[in-house]
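In what follows, a structure is listed as structure tokens, so that the remarks can point back to it.
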Amino acid sequence: MKVHCQTCPNKNCLIKKNGLTLEGLPHVEKKHTIHCKKSQNFIIEGAPVHGLYFVYEGKIKVGKTGINGREQIVRFAQDGEIIGHRGFGAGEFYQIHAVALEDSILCNFSTETMHEMLQTIPQLTYDLMLFYGEELNKSETKVRKFAQMTVREKVIDALLYIFRKFGQRENFLDIQLSRKEIADFAGTTDEQVIRVISTLKKEGLLITSGKKIGIHNVELLKKEIADHHFFLDS
DNA sequence: GCATTAATTGGTC
DNA sequence: GACCAATTAATGC
């Protein structure tokens with residue numbers, strides 16, 4: 001079942017914002033709608049690039065595979081966000097993989113369609129450029145964090161990122177992630193994540209229930225890593 | 001309910 | 001601070 005940009009609720013999507021012009025409409029019609037089941041791997045690392053993805057609805061993790069099959073989650077994405085933008089224009093093959101964390105709907109624009117759009121809609125091109133700039137800034141910030149933060153700080157930072165991005169519902173983070181996925185994102189191991197979480201729980205900063213995690217005191221957590229945040233959130 | 005998978009804890013290097 | 005092993009909790013079938 002196909003979803004259309006005209007009725008899409010994601011106001012912050014770059015296509016929704018800039019693609020519904022007279023010039024854009026015929027291109028927007030060419031997009032493909034992809035229904036993705038939970039844990040489906042829809043971008044395979046090393047596979048040929050086949051355009052750009054936008055999340056219509058759902059939650060996605062984007063990662064890279066390292067030495068010994070060790071996983072590094074690069075970012076998470078949800079409604080309205082772009083995936084696969086690094087492969088676009090630059091390389092022939094994806095350097096990342098993307099997996100749906102829950103049943104999701106994606107919009108796929110082929111490389112050709114993107115080229116046509118970017119060459120006819122300056123505002124879209126401009127917004128995409130700003131987006132690339134932001135992404136670069138975030139990844140530079142992340143490099144510094146990885147080098148300078150302790151494990152405890154990295155885990156706190158990861159939890160706050162998840163909190164910012166997905167928020168909480170009934171006092172628990174509104175996304176289902178395993179301890180291992182948090183570890184892969186924070187750049188450490190699942191055992192370390194579990195240890196940090198259980199001490200934070202003892203300190204009254206977090207609550208847990210099964211695999212669900214709830215942040216009890218955001219301000220105190222923020223305070224603990226405040227020294228590392230000179231610029232912006234990432 | 002049983003079997004597989006994930007969370008937790010303790011220990012070693 | 002990573003890796004390994006053992007135990008316990010959670011989840012799939």
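The way I read the labels, and the way they are meant: chains A, B, ... in the order of the structure tokens, residue 1 as the first residue of every chain, and ligand 1 as the first ligand shown, with later ones counted on from there.
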>> Among stretch 10-206 of chain A, which residues does DSSP mark as strand (DSSP E or B) when it is run on the backbone? Keep the chain and numbering as in the structure and answer as a VMD selection string.
In response: chain A and resid 32 to 36 41 to 43 48 52 to 57 59 to 65 71 to 78 82 to 83 93 97 to 100 104 to 109 168 to 169 172 to 173 206
>> Going by DSSP on the backbone, which residues of chain A come out as alpha helix (DSSP H)? List them as a PyMOL selection string.
In response: chain A and resi 14-18+25-28+111-120+122-148+151-166+179-186+190-202+218-225
> Which polymer residues have any atom within 12 Å of an atom of B:DG11, counting only C-alpha atoms (C1' of nucleotides), with same-chain residues fewer than 5 positions away left out, as number ranges by chain?
Replying inline: C: 3-6
>> Just want the 10 Å neighbourhood of B:DT5, counted on only C-alpha atoms (C1' of nucleotides), with same-chain residues fewer than 2 positions away dropped. Output as a list in words.
In response: DA3 and DA7 of chain B; DA10, DT11 and DG12 of chain C
> Could you write out as a ChimeraX atom specification the residues of chain C within 9 Å of chain A, counting only C-alpha atoms (C1' of nucleotides)?
Replying inline: /C:1-2,9-10
> In Å to one decimal, how far is atom CA of A:Leu124 from atom CA of A:Leu14?
Replying inline: 6.7 Å
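Residue-level contact on chain B: within 10 Å of chain A, counting only C-alpha atoms (C1' of nucleotides), the set is DA6, DA7, DT8 and DT9 of chain B.
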>> Would you compute the distance between atom CA of A:Gly66 and atom CA of A:Asp157? Give it in Å to one decimal.
In response: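 Atom CA of A:Asp157 lies at a distance of 21.6 Å from atom CA of A:Gly66.
Distances here use only C-alpha atoms; by that measure, the residue among A:Lys2, A:Arg144, A:His228, A:Lys59 closest to A:Ala77 is A:Lys59.
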>> Between atom C1' of C:DT7 and atom C1' of B:DG10, what distance in Å does the model show, to one decimal?
In response: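 According to the coordinates, atom C1' of C:DT7 and atom C1' of B:DG10 are separated by 10.4 Å.
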>> Can you tell me which residues surround stretch 26-30 of chain A at a distance of at most 8 Å, considering only C-alpha atoms (C1' of nucleotides), apart from same-chain residues fewer than 4 positions away, and format the answer as an NGL selection string?
In response: :A and (4-5 or 15 or 19-20 or 22 or 109 or 113 or 116-117)
> Could you pull the residues within 12 Å of A:Ser209, counting only C-alpha atoms (C1' of nucleotides), minus those fewer than 3 positions along the same chain, as a list in words?
Replying inline: Glu170, Asn171, Phe172, Leu173, Gln176, Ile197, Ser198, Lys201, Leu206, Lys212, Ile213, Gly214 and Ile215 of chain A; DA7 of chain B; DA9 and DA10 of chain C
